[in-house]
>>> print(open('entry26.csv').read())   # CSV, C-alpha atoms
chain,number,residue,atom,x,y,z
A,17,MET,CA,40.0,35.0,-259.2
A,18,SER,CA,37.3,36.1,-256.8
A,19,VAL,CA,34.4,34.0,-255.6
A,20,ASP,CA,30.8,35.1,-254.7
A,21,VAL,CA,31.3,34.6,-251.0
A,22,ASP,CA,31.5,37.1,-248.2
A,23,ALA,CA,33.8,36.7,-245.2
A,24,ILE,CA,32.8,37.6,-241.7
A,25,VAL,CA,35.5,37.9,-239.0
A,26,LEU,CA,34.4,38.1,-235.4
A,27,VAL,CA,36.9,40.2,-233.5
A,28,GLY,CA,34.9,41.8,-230.7
A,29,GLY,CA,36.2,39.9,-227.7
A,30,LYS,CA,38.3,41.5,-225.0
A,31,GLY,CA,41.0,38.8,-224.9
A,32,THR,CA,41.1,38.6,-221.1
A,33,ARG,CA,43.2,35.4,-221.1
A,34,LEU,CA,46.0,37.3,-222.8
A,35,ARG,CA,46.1,40.2,-220.4
A,36,PRO,CA,48.0,42.5,-219.8
A,37,LEU,CA,48.9,42.6,-223.5
A,38,THR,CA,45.3,43.1,-224.5
A,39,GLU,CA,45.1,46.2,-222.3
A,40,SER,CA,46.5,48.1,-225.2
A,41,LEU,CA,45.6,46.1,-228.2
A,42,PRO,CA,42.6,43.8,-229.1
A,43,LYS,CA,43.7,40.2,-229.3
A,44,PRO,CA,43.5,39.8,-233.1
A,45,MET,CA,45.8,42.7,-233.4
A,46,LEU,CA,48.6,41.3,-231.2
A,47,PRO,CA,51.7,40.5,-233.4
A,48,ILE,CA,52.3,36.8,-233.9
A,49,ALA,CA,55.2,35.8,-236.0
A,50,GLY,CA,55.9,39.4,-236.9
A,51,VAL,CA,52.5,40.7,-237.9
A,52,PRO,CA,49.0,41.0,-236.3
A,53,TYR,CA,47.3,37.6,-236.1
A,54,LEU,CA,44.5,39.1,-238.2
A,55,THR,CA,46.9,39.8,-241.1
A,56,HIS,CA,47.7,36.0,-241.3
A,57,LEU,CA,43.9,35.3,-241.5
A,58,LEU,CA,43.2,38.0,-244.0
A,59,SER,CA,46.0,36.7,-246.3
A,60,ARG,CA,44.3,33.2,-246.3
A,61,ILE,CA,40.9,34.8,-247.0
A,62,HIS,CA,42.4,36.6,-250.0
A,63,ALA,CA,44.2,33.4,-251.2
A,64,ALA,CA,40.8,31.7,-251.2
A,65,GLY,CA,39.5,34.2,-253.7
A,66,ILE,CA,37.3,36.1,-251.3
A,67,ARG,CA,37.5,39.9,-251.6
A,68,HIS,CA,34.7,41.3,-249.4
A,69,VAL,CA,35.3,41.0,-245.6
A,70,ILE,CA,33.2,42.3,-242.8
A,71,MET,CA,34.7,42.6,-239.3
A,72,GLY,CA,32.4,42.4,-236.4
A,73,THR,CA,34.1,44.6,-233.8
A,74,SER,CA,33.5,45.9,-230.3
A,75,TYR,CA,36.5,46.1,-227.9
A,76,LYS,CA,38.9,48.9,-229.1
A,77,ALA,CA,37.1,48.8,-232.5
A,78,GLU,CA,39.0,51.9,-233.8
A,79,VAL,CA,42.3,49.9,-233.8
A,80,PHE,CA,41.1,47.7,-236.7
A,81,SER,CA,40.0,50.4,-239.0
A,82,SER,CA,43.0,52.6,-238.2
A,83,TYR,CA,45.4,49.8,-239.1
A,84,TYR,CA,43.7,48.2,-242.1
A,85,GLY,CA,41.6,51.0,-243.5
A,86,ASP,CA,39.6,49.9,-246.5
A,87,GLY,CA,41.7,46.8,-247.0
A,88,SER,CA,43.1,47.8,-250.4
A,89,GLN,CA,46.7,47.2,-249.4
A,90,LEU,CA,45.8,43.5,-248.8
A,91,GLY,CA,43.7,43.3,-252.0
A,92,LEU,CA,40.5,43.2,-250.0
A,93,GLU,CA,37.5,45.4,-249.4
A,94,LEU,CA,37.0,45.7,-245.7
A,95,GLU,CA,33.9,47.0,-243.9
A,96,TYR,CA,33.4,47.3,-240.1
A,97,VAL,CA,30.4,46.9,-237.8
A,98,VAL,CA,30.8,48.0,-234.2
A,99,GLU,CA,28.7,46.3,-231.5
A,100,GLU,CA,27.6,49.0,-229.0
A,101,THR,CA,26.7,46.2,-226.5
A,102,PRO,CA,28.0,42.7,-226.6
A,103,LEU,CA,25.8,40.4,-228.7
A,104,GLY,CA,27.6,37.0,-228.4
A,105,THR,CA,29.0,34.9,-231.2
A,106,GLY,CA,25.6,34.5,-232.9
A,107,GLY,CA,24.4,38.0,-232.4
A,108,ALA,CA,27.6,39.3,-233.9
A,109,ILE,CA,27.0,37.4,-237.1
A,110,GLY,CA,23.4,38.6,-237.4
A,111,ASN,CA,24.5,42.2,-236.7
A,112,VAL,CA,26.5,42.4,-240.0
A,113,ALA,CA,23.8,40.9,-242.2
A,114,HIS,CA,22.9,44.2,-243.7
A,115,LEU,CA,26.3,44.4,-245.4
A,116,LEU,CA,26.3,41.0,-247.0
A,117,ARG,CA,26.4,40.9,-250.8
A,118,HIS,CA,26.1,37.2,-251.5
A,119,ASP,CA,24.1,34.2,-250.5
A,120,THR,CA,27.0,32.4,-248.8
A,121,ALA,CA,29.3,33.7,-246.0
A,122,LEU,CA,32.5,32.2,-244.5
A,123,ILE,CA,32.6,33.0,-240.8
A,124,PHE,CA,35.8,33.0,-238.7
A,125,ASN,CA,36.4,33.3,-235.0
A,126,GLY,CA,39.1,35.9,-234.6
A,127,ASP,CA,41.5,33.8,-232.5
A,128,ILE,CA,41.9,30.5,-234.4
A,129,LEU,CA,45.1,29.6,-236.3
A,130,THR,CA,44.2,27.0,-238.8
A,131,GLY,CA,45.3,25.4,-242.1
A,132,CYS,CA,41.8,24.5,-243.2
A,133,ASP,CA,41.5,24.6,-246.9
A,134,LEU,CA,38.8,27.2,-247.4
A,135,ALA,CA,38.0,26.1,-251.0
A,136,ASP,CA,37.5,22.6,-249.8
A,137,LEU,CA,35.2,23.8,-247.0
A,138,LEU,CA,33.1,25.8,-249.5
A,139,GLU,CA,33.0,22.8,-251.8
A,140,THR,CA,31.7,20.6,-249.0
A,141,HIS,CA,29.0,23.1,-248.2
A,142,HIS,CA,27.7,23.4,-251.8
A,143,ARG,CA,28.0,19.7,-252.6
A,144,THR,CA,26.0,18.6,-249.6
A,145,GLY,CA,23.3,21.2,-249.9
A,146,ALA,CA,24.0,22.4,-246.4
A,147,ASP,CA,22.3,25.3,-244.6
A,148,VAL,CA,25.4,25.6,-242.4
A,149,SER,CA,28.7,23.8,-242.6
A,150,LEU,CA,31.3,23.6,-239.8
A,151,HIS,CA,35.0,22.9,-239.9
A,152,LEU,CA,35.6,20.1,-237.3
A,153,THR,CA,38.9,18.9,-236.1
A,154,THR,CA,40.0,16.0,-233.9
A,155,VAL,CA,41.8,16.5,-230.6
A,156,GLU,CA,43.4,14.0,-228.3
A,157,ASP,CA,41.3,15.2,-225.3
A,158,PRO,CA,38.0,16.8,-226.3
A,159,ARG,CA,36.8,17.1,-222.6
A,160,ALA,CA,38.0,20.7,-222.5
A,161,PHE,CA,36.1,21.7,-225.7
A,162,GLY,CA,32.8,19.9,-225.9
A,163,CYS,CA,32.2,17.8,-229.0
A,164,VAL,CA,30.2,17.6,-232.2
A,165,PRO,CA,29.1,14.1,-233.2
A,166,THR,CA,28.1,13.3,-236.8
A,167,ASP,CA,26.3,10.5,-238.7
A,168,GLU,CA,27.8,8.4,-241.4
A,169,THR,CA,26.9,11.0,-244.1
A,170,GLY,CA,28.8,13.8,-242.2
A,171,ARG,CA,25.6,15.4,-240.9
A,172,VAL,CA,25.9,17.0,-237.5
A,173,THR,CA,23.7,15.3,-234.9
A,174,ALA,CA,24.3,17.3,-231.7
A,175,PHE,CA,26.4,20.0,-230.0
A,176,LEU,CA,27.5,18.6,-226.7
A,177,GLU,CA,28.8,20.6,-223.7
A,178,LYS,CA,32.1,19.6,-222.0
A,179,ASP,CA,31.8,16.1,-220.6
A,180,PRO,CA,34.2,13.8,-218.8
A,181,ASN,CA,33.2,11.0,-221.2
A,182,PRO,CA,32.8,12.6,-224.7
A,183,VAL,CA,31.2,10.5,-227.4
A,184,THR,CA,33.7,11.7,-230.1
A,185,ASN,CA,37.0,13.5,-230.4
A,186,LEU,CA,35.5,15.9,-233.0
A,187,ILE,CA,35.3,19.5,-231.9
A,188,ASN,CA,34.1,22.8,-233.4
A,189,ALA,CA,37.2,24.4,-235.0
A,190,GLY,CA,35.7,27.9,-235.3
A,191,THR,CA,35.3,28.3,-239.1
A,192,TYR,CA,31.8,28.1,-240.6
A,193,VAL,CA,29.9,28.5,-243.8
A,194,PHE,CA,26.4,30.0,-243.5
A,195,ASN,CA,23.6,30.5,-246.0
A,196,ARG,CA,22.3,34.0,-246.0
A,197,SER,CA,18.9,32.9,-245.0
A,198,VAL,CA,20.3,31.5,-241.7
A,199,ILE,CA,22.1,34.7,-240.9
A,200,ASP,CA,19.0,36.7,-241.5
A,201,SER,CA,17.1,34.6,-238.9
A,202,ILE,CA,19.5,35.4,-236.1
A,203,PRO,CA,18.1,37.9,-233.6
A,204,THR,CA,20.1,41.1,-233.2
A,205,ASP,CA,18.3,42.7,-230.3
A,206,ARG,CA,19.9,40.5,-227.6
A,207,PRO,CA,23.0,38.3,-227.0
A,208,VAL,CA,22.9,35.0,-228.9
A,209,SER,CA,25.4,32.2,-228.6
A,210,VAL,CA,26.0,30.4,-231.9
A,211,GLU,CA,27.2,27.3,-230.1
A,212,LYS,CA,24.4,27.1,-227.5
A,213,GLU,CA,21.4,28.6,-229.3
A,214,THR,CA,21.9,29.0,-233.1
A,215,PHE,CA,23.4,25.6,-233.9
A,216,PRO,CA,21.1,23.5,-231.6
A,217,GLY,CA,18.1,25.5,-232.9
A,218,LEU,CA,19.0,24.6,-236.5
A,219,LEU,CA,19.2,20.9,-235.6
A,220,ALA,CA,15.9,21.0,-233.8
A,221,ALA,CA,14.3,22.7,-236.9
A,222,GLY,CA,15.7,19.9,-239.2
A,223,ALA,CA,18.2,22.1,-241.0
A,224,ARG,CA,21.1,20.5,-242.8
A,225,VAL,CA,24.2,21.2,-240.7
A,226,MET,CA,27.1,19.4,-242.2
A,227,ALA,CA,30.6,18.7,-241.0
A,228,HIS,CA,33.9,19.3,-242.9
A,229,VAL,CA,36.5,17.2,-241.1
A,230,ASP,CA,40.2,17.4,-241.8
A,231,SER,CA,43.5,16.9,-240.1
A,232,THR,CA,45.1,20.3,-241.0
A,233,TYR,CA,46.9,22.5,-238.5
A,234,TRP,CA,44.6,24.0,-235.8
A,235,ARG,CA,45.2,25.9,-232.6
A,236,ASP,CA,43.1,28.2,-230.4
A,237,LEU,CA,45.3,31.2,-229.6
A,238,GLY,CA,43.4,32.4,-226.6
A,239,LYS,CA,45.9,31.3,-223.9
A,240,PRO,CA,49.5,32.6,-223.6
A,241,ALA,CA,51.0,29.2,-224.0
A,242,ASP,CA,49.0,28.6,-227.2
A,243,PHE,CA,49.8,32.1,-228.5
A,244,VAL,CA,53.5,31.5,-228.1
A,245,ALA,CA,53.3,28.0,-229.6
A,246,GLY,CA,51.3,29.3,-232.6
A,247,SER,CA,53.8,32.0,-233.3
A,248,ALA,CA,56.6,29.4,-233.2
A,249,ASP,CA,54.7,27.2,-235.5
A,250,LEU,CA,54.3,30.0,-238.0
A,251,VAL,CA,58.0,30.9,-237.8
A,252,GLN,CA,59.1,27.3,-238.3
A,253,GLY,CA,56.6,26.6,-241.1
A,254,ARG,CA,54.3,24.2,-239.3
A,255,ALA,CA,51.3,26.6,-239.5
A,256,PRO,CA,50.6,28.0,-243.0
A,257,SER,CA,50.6,31.7,-243.8
A,258,ASP,CA,51.3,33.9,-246.8
A,259,ALA,CA,51.9,36.9,-244.5
A,260,LEU,CA,55.1,35.8,-242.7
A,261,PRO,CA,57.5,38.8,-243.0
A,262,GLY,CA,60.6,36.7,-243.5
A,263,PRO,CA,61.9,33.2,-244.3
A,264,ILE,CA,60.8,30.1,-242.4
A,265,GLY,CA,63.5,29.2,-239.9
A,266,ASP,CA,64.4,28.7,-236.2
A,267,ALA,CA,63.9,32.5,-235.5
A,268,LEU,CA,62.3,35.5,-237.1
A,269,ILE,CA,64.2,38.8,-236.8
A,270,LEU,CA,62.4,41.9,-237.9
A,271,PRO,CA,64.1,44.9,-239.5
A,272,GLY,CA,66.0,47.2,-237.1
A,273,ALA,CA,66.6,44.6,-234.4
A,274,GLU,CA,70.1,44.4,-233.1
A,275,VAL,CA,71.3,40.9,-232.0
A,276,ALA,CA,74.6,40.3,-230.4
A,277,GLU,CA,76.8,37.6,-232.0
A,278,GLY,CA,76.7,35.4,-228.9
A,279,ALA,CA,72.9,35.5,-228.5
A,280,LYS,CA,70.9,32.3,-228.8
A,281,LEU,CA,67.6,32.6,-230.8
A,282,HIS,CA,65.8,29.3,-231.3
A,283,ASN,CA,62.6,27.3,-231.3
A,284,GLY,CA,60.6,29.7,-233.4
A,285,SER,CA,61.3,32.9,-231.5
A,286,THR,CA,60.3,36.2,-233.0
A,287,ILE,CA,62.4,39.3,-232.4
A,288,GLY,CA,60.5,42.5,-233.0
A,289,ALA,CA,61.6,45.6,-234.9
A,290,GLY,CA,64.1,47.7,-232.9
A,291,CYS,CA,64.8,45.1,-230.3
A,292,ARG,CA,68.2,45.1,-228.6
A,293,ILE,CA,69.4,41.6,-227.7
A,294,ALA,CA,72.7,41.1,-225.9
A,295,GLU,CA,74.3,37.6,-225.2
A,296,ALA,CA,71.0,36.2,-224.0
A,297,ASP,CA,68.9,33.1,-224.6
A,298,ILE,CA,65.6,33.7,-226.4
A,299,ASP,CA,63.8,30.3,-226.6
A,300,GLY,CA,60.4,29.9,-228.2
A,301,SER,CA,59.3,33.4,-227.3
A,302,VAL,CA,57.6,36.4,-228.9
A,303,LEU,CA,59.4,39.7,-228.3
A,304,LEU,CA,57.4,42.7,-229.5
A,305,ASP,CA,59.0,45.8,-230.9
A,306,GLY,CA,61.6,47.7,-229.0
A,307,VAL,CA,62.4,45.1,-226.3
A,308,SER,CA,65.8,45.2,-224.6
A,309,VAL,CA,67.3,42.0,-223.2
A,310,ALA,CA,70.6,42.2,-221.3
A,311,ALA,CA,73.4,39.7,-221.2
A,312,GLY,CA,72.8,36.4,-219.4
A,313,ALA,CA,69.0,36.7,-219.4
A,314,VAL,CA,66.8,33.8,-220.5
A,315,VAL,CA,63.4,34.3,-222.0
A,316,ARG,CA,61.6,31.0,-222.6
A,317,ASN,CA,58.1,30.3,-223.9
A,318,SER,CA,57.0,33.9,-223.1
A,319,ILE,CA,55.5,37.0,-224.6
A,320,VAL,CA,57.3,40.3,-223.9
A,321,GLY,CA,55.4,43.5,-224.6
A,322,THR,CA,56.6,46.5,-226.6
A,323,GLY,CA,59.5,48.5,-225.1
A,324,ALA,CA,60.0,46.2,-222.1
A,325,VAL,CA,63.4,45.9,-220.5
A,326,ILE,CA,64.8,42.6,-219.2
A,327,GLY,CA,67.9,42.9,-217.0
A,328,ALA,CA,71.1,40.9,-216.9
A,329,GLY,CA,70.7,37.4,-215.6
A,330,THR,CA,66.9,37.6,-215.3
A,331,VAL,CA,64.9,34.5,-216.2
A,332,VAL,CA,61.4,34.7,-217.7
A,333,GLU,CA,59.7,31.4,-218.3
A,334,ASP,CA,56.0,30.9,-219.4
A,335,GLY,CA,55.4,34.6,-218.7
A,336,VAL,CA,53.5,37.5,-220.1
A,337,ILE,CA,55.4,40.8,-219.7
A,338,GLY,CA,53.4,44.0,-220.3
A,339,ASP,CA,54.4,46.9,-222.5
A,340,HIS,CA,57.3,49.0,-221.1
A,341,ALA,CA,57.8,46.9,-218.0
A,342,GLN,CA,61.2,47.3,-216.4
A,343,LEU,CA,62.6,44.1,-215.1
A,344,GLY,CA,65.8,44.4,-213.1
A,345,GLU,CA,68.7,42.0,-212.9
A,346,ARG,CA,68.7,38.5,-211.4
A,347,LEU,CA,65.0,38.1,-211.3
A,348,GLU,CA,63.2,34.7,-211.6
A,349,LEU,CA,59.7,35.1,-213.1
A,350,LEU,CA,58.3,31.6,-213.7
A,351,HIS,CA,55.2,29.5,-213.9
A,352,GLY,CA,52.8,31.8,-215.8
A,353,VAL,CA,53.7,35.0,-214.1
A,354,ARG,CA,52.2,38.2,-215.6
A,355,VAL,CA,53.7,41.6,-215.2
A,356,TRP,CA,51.5,44.6,-215.9
A,357,PRO,CA,52.5,47.5,-218.3
A,358,GLY,CA,55.0,50.0,-216.9
A,359,VAL,CA,55.7,48.0,-213.7
A,360,GLU,CA,59.3,48.3,-212.4
A,361,LEU,CA,60.9,45.3,-210.5
A,362,PRO,CA,64.2,46.1,-208.7
A,363,ASP,CA,67.2,43.9,-209.1
A,364,GLY,CA,66.8,40.5,-207.3
A,365,SER,CA,63.3,41.5,-206.0
A,366,VAL,CA,61.4,38.4,-207.2
A,367,ARG,CA,62.9,34.9,-207.0
A,368,PHE,CA,61.6,31.3,-207.1
A,369,SER,CA,64.8,29.9,-205.7
A,370,ALA,CA,66.7,30.7,-202.4
A,371,ASP,CA,69.7,32.0,-204.3
A,372,CYS,CA,70.3,35.7,-204.2
>>> encode(input="entry26.csv", output="structure tokens")
Amino acid sequence: MSVDVDAIVLVGGKGTRLRPLTESLPKPMLPIAGVPYLTHLLSRIHAAGIRHVIMGTSYKAEVFSSYYGDGSQLGLELEYVVEETPLGTGGAIGNVAHLLRHDTALIFNGDILTGCDLADLLETHHRTGADVSLHLTTVEDPRAFGCVPTDETGRVTAFLEKDPNPVTNLINAGTYVFNRSVIDSIPTDRPVSVEKETFPGLLAAGARVMAHVDSTYWRDLGKPADFVAGSADLVQGRAPSDALPGPIGDALILPGAEVAEGAKLHNGSTIGAGCRIAEADIDGSVLLDGVSVAAGAVVRNSIVGTGAVIGAGTVVEDGVIGDHAQLGERLELLHGVRVWPGVELPDGSVRFSADC
């Protein structure tokens, strides 16, 4: 059953924190637990009964339309709007207003993995008569995010910048409900930040900005460590998705991958299609399609790009390895190392220990 709500997905960012993988793909299109992140989000939008989805694109915009087309394979109707110049999070919302069909829109940041019940969020919005509703979540340390205090009725009272002494542990979780009238008021001829301009402006004008607070799964996928952890959470069933291309378990192996009997695959690792894994240890990592890992290698908490080769006895830990990189034998690549696409590292050429 469909509902009279549009969805807007903001996917225009360059994903610089996930370089070098985002040199070839926009961040929402990076495979996480076997399919592009965006496929997981679109499956949840469909499950909520929403059928019309507008994508606000910019960086590598053609990748989205080429992959998803009109959305019919997902049971959706997709439309695309390309920002010729960056408009910010608020401007990107206003920029798609001409395609809206309904008076209510659900808006998603294109890099948040969440279990928020979208039907509940919409119910909160309509029940409270809100102009805008925000999904808020609690975190142990809100200093890295800024915080969003509310009153006893759930009405948002402020949007506070990062502070060493935050007044609440509630943060903006990146999913919103907007009334059409609010979207129509956002300028489109200049960059606008929804967090720094739109939301504070609404509060100053006396608009009803309401909070929807829950304790469901939530993770910002912008950093490599969070991307890897989010993928593992999907594979192991801690994060919800209807798009997982296989059963929940300790590892996800896509069709066409060849894994040696003595290989260790654990902690939510994903092995992409066409990978070749010898007697290696793949621990909590994401291997994209066509990766080769030789015997004795260890890949831990890392992302390995399409077609990369990891030599015998090489250790990659907390790393990001670009597409088609060639890593020789007996390397130690640790502590957040990033190897750019196509780079070739000879045997034993990079070590963190004194051993040869």
>>> closest_residue(input="entry26.csv", among="A:Tyr233, A:Asp127, A:Asp205, A:Ala223", to="Leu152 of chain A", atoms="all atoms listed in the file")
A:Tyr233
>>> closest_atom_pairs(input="entry26.csv", of="segment 115-144 of chain A", to="segment 239-257 of chain A", cutoff="9 Å", atoms="all atoms listed in the file", output="Markdown table")
| residue | atom | partner | partner_atom | distance |
| --- | --- | --- | --- | --- |
| A:Leu129 | CA | A:Gly246 | CA | 7.2 |
| A:Thr130 | CA | A:Ala255 | CA | 7.1 |
| A:Gly131 | CA | A:Pro256 | CA | 6.0 |
>>> residues_around(input="entry26.csv", residues="Phe124 of chain A", least_positions_apart="4", cutoff="7 Å", atoms="all atoms listed in the file", output="list in words")
Ile24, Val25, Leu26, Gly190, Thr191 and Tyr192 of chain A
>>> atom_distance(input="entry26.csv", atom1="atom CA of Glu93 of chain A", atom2="atom CA of His62 of chain A")
10.1 Å
>>> residues_around(input="entry26.csv", residues="segment 38-43 of chain A", least_positions_apart="4", cutoff="7 Å", atoms="all atoms listed in the file", output="MDAnalysis selection string")
chainID A and resid 30:31 34 75:76
>>> closest_atom_pairs(input="entry26.csv", of="segment 112-187 of chain A", to="segment 216-221 of chain A", cutoff="10 Å", atoms="only C-alpha atoms", output="tab-separated table")
residue	atom	partner	partner_atom	distance
A:Asp147	CA	A:Leu218	CA	8.8
A:Val148	CA	A:Leu218	CA	8.8
A:Arg171	CA	A:Leu219	CA	10.0
A:Val172	CA	A:Leu219	CA	8.0
A:Thr173	CA	A:Leu219	CA	7.2
A:Ala174	CA	A:Pro216	CA	7.0
A:Phe175	CA	A:Pro216	CA	6.5
A:Leu176	CA	A:Pro216	CA	9.4
>>> closest_residue(input="entry26.csv", among="A:Thr144, A:Asn283, A:Ser301, A:Ser82", to="Leu94 of chain A", atoms="only C-alpha atoms")
A:Ser82
>>> residues_around(input="entry26.csv", residues="Glu345 of chain A", least_positions_apart="6", cutoff="10 Å", atoms="only C-alpha atoms", output="list in words")
Ala310, Ala311, Gly312, Ala313, Ile326, Gly327, Ala328, Gly329, Thr330, Val331, Leu361, Pro362, Asp363, Gly364, Ser365 and Val366 of chain A
>>> residues_around(input="entry26.csv", residues="Ser81 of chain A", least_positions_apart="6", cutoff="9 Å", atoms="only C-alpha atoms", output="list in words")
Gly87, Leu94, Glu95 and Tyr96 of chain A
>>> atom_distance(input="entry26.csv", atom1="atom CA of Leu90 of chain A", atom2="atom CA of His114 of chain A")
23.5 Å
>>> closest_residue(input="entry26.csv", among="A:Thr154, A:Ser59, A:Ser285, A:Gln342", to="Ala259 of chain A", atoms="all atoms listed in the file")
A:Ser59
>>> residues_around(input="entry26.csv", residues="Ser318 of chain A", least_positions_apart="4", cutoff="6 Å", atoms="all atoms listed in the file", output="list in words")
Ser301, Asp334, Gly335 and Val336 of chain A
>>> write_last_selection(input="entry26.csv", atoms="C-alpha atoms", output="compact mmCIF listing (two decimals), in the frame of the given file")
# COMPACT_ATOMS: atom_id res chain seq x y z
CA SER A 301 59.30 33.40 -227.30
CA ASP A 334 56.00 30.90 -219.40
CA GLY A 335 55.40 34.60 -218.70
CA VAL A 336 53.50 37.50 -220.10
>>> build_atoms(input="entry26.csv", residues="segment 54-70 of chain A", atoms="N, CA and C atoms", output="PDB file, in the coordinates of the input")
ATOM      1  N   LEU A  54      45.540  38.911-237.218  1.00  0.00           N
ATOM      2  CA  LEU A  54      44.500  39.100-238.200  1.00  0.00           C
ATOM      3  C   LEU A  54      45.074  39.206-239.632  1.00  0.00           C
ATOM      4  N   THR A  55      46.284  39.680-239.773  1.00  0.00           N
ATOM      5  CA  THR A  55      46.900  39.800-241.100  1.00  0.00           C
ATOM      6  C   THR A  55      47.126  38.359-241.672  1.00  0.00           C
ATOM      7  N   HIS A  56      47.532  37.416-240.828  1.00  0.00           N
ATOM      8  CA  HIS A  56      47.700  36.000-241.300  1.00  0.00           C
ATOM      9  C   HIS A  56      46.322  35.503-241.804  1.00  0.00           C
ATOM     10  N   LEU A  57      45.246  35.757-241.040  1.00  0.00           N
ATOM     11  CA  LEU A  57      43.900  35.300-241.500  1.00  0.00           C
ATOM     12  C   LEU A  57      43.466  35.951-242.736  1.00  0.00           C
ATOM     13  N   LEU A  58      43.625  37.255-242.821  1.00  0.00           N
ATOM     14  CA  LEU A  58      43.200  38.000-244.000  1.00  0.00           C
ATOM     15  C   LEU A  58      43.938  37.527-245.263  1.00  0.00           C
ATOM     16  N   SER A  59      45.201  37.163-245.099  1.00  0.00           N
ATOM     17  CA  SER A  59      46.000  36.700-246.300  1.00  0.00           C
ATOM     18  C   SER A  59      45.396  35.351-246.757  1.00  0.00           C
ATOM     19  N   ARG A  60      44.915  34.519-245.854  1.00  0.00           N
ATOM     20  CA  ARG A  60      44.300  33.200-246.300  1.00  0.00           C
ATOM     21  C   ARG A  60      42.953  33.462-246.909  1.00  0.00           C
ATOM     22  N   ILE A  61      42.200  34.420-246.399  1.00  0.00           N
ATOM     23  CA  ILE A  61      40.900  34.800-247.000  1.00  0.00           C
ATOM     24  C   ILE A  61      41.133  35.236-248.446  1.00  0.00           C
ATOM     25  N   HIS A  62      42.127  36.091-248.638  1.00  0.00           N
ATOM     26  CA  HIS A  62      42.400  36.600-250.000  1.00  0.00           C
ATOM     27  C   HIS A  62      42.859  35.440-250.897  1.00  0.00           C
ATOM     28  N   ALA A  63      43.691  34.531-250.372  1.00  0.00           N
ATOM     29  CA  ALA A  63      44.200  33.400-251.200  1.00  0.00           C
ATOM     30  C   ALA A  63      43.031  32.498-251.628  1.00  0.00           C
ATOM     31  N   ALA A  64      41.929  32.480-250.868  1.00  0.00           N
ATOM     32  CA  ALA A  64      40.800  31.700-251.200  1.00  0.00           C
ATOM     33  C   ALA A  64      39.877  32.333-252.254  1.00  0.00           C
ATOM     34  N   GLY A  65      40.240  33.545-252.680  1.00  0.00           N
ATOM     35  CA  GLY A  65      39.500  34.200-253.700  1.00  0.00           C
ATOM     36  C   GLY A  65      38.361  35.111-253.170  1.00  0.00           C
ATOM     37  N   ILE A  66      38.292  35.280-251.863  1.00  0.00           N
ATOM     38  CA  ILE A  66      37.300  36.100-251.300  1.00  0.00           C
ATOM     39  C   ILE A  66      37.811  37.549-251.167  1.00  0.00           C
ATOM     40  N   ARG A  67      36.987  38.521-251.548  1.00  0.00           N
ATOM     41  CA  ARG A  67      37.500  39.900-251.600  1.00  0.00           C
ATOM     42  C   ARG A  67      36.702  40.804-250.601  1.00  0.00           C
ATOM     43  N   HIS A  68      35.467  40.482-250.282  1.00  0.00           N
ATOM     44  CA  HIS A  68      34.700  41.300-249.400  1.00  0.00           C
ATOM     45  C   HIS A  68      34.666  40.741-247.984  1.00  0.00           C
ATOM     46  N   VAL A  69      35.178  41.505-247.019  1.00  0.00           N
ATOM     47  CA  VAL A  69      35.300  41.000-245.600  1.00  0.00           C
ATOM     48  C   VAL A  69      34.656  42.029-244.703  1.00  0.00           C
ATOM     49  N   ILE A  70      33.815  41.506-243.821  1.00  0.00           N
ATOM     50  CA  ILE A  70      33.200  42.300-242.800  1.00  0.00           C
ATOM     51  C   ILE A  70      33.724  41.933-241.441  1.00  0.00           C
TER      52      ILE A  70
END
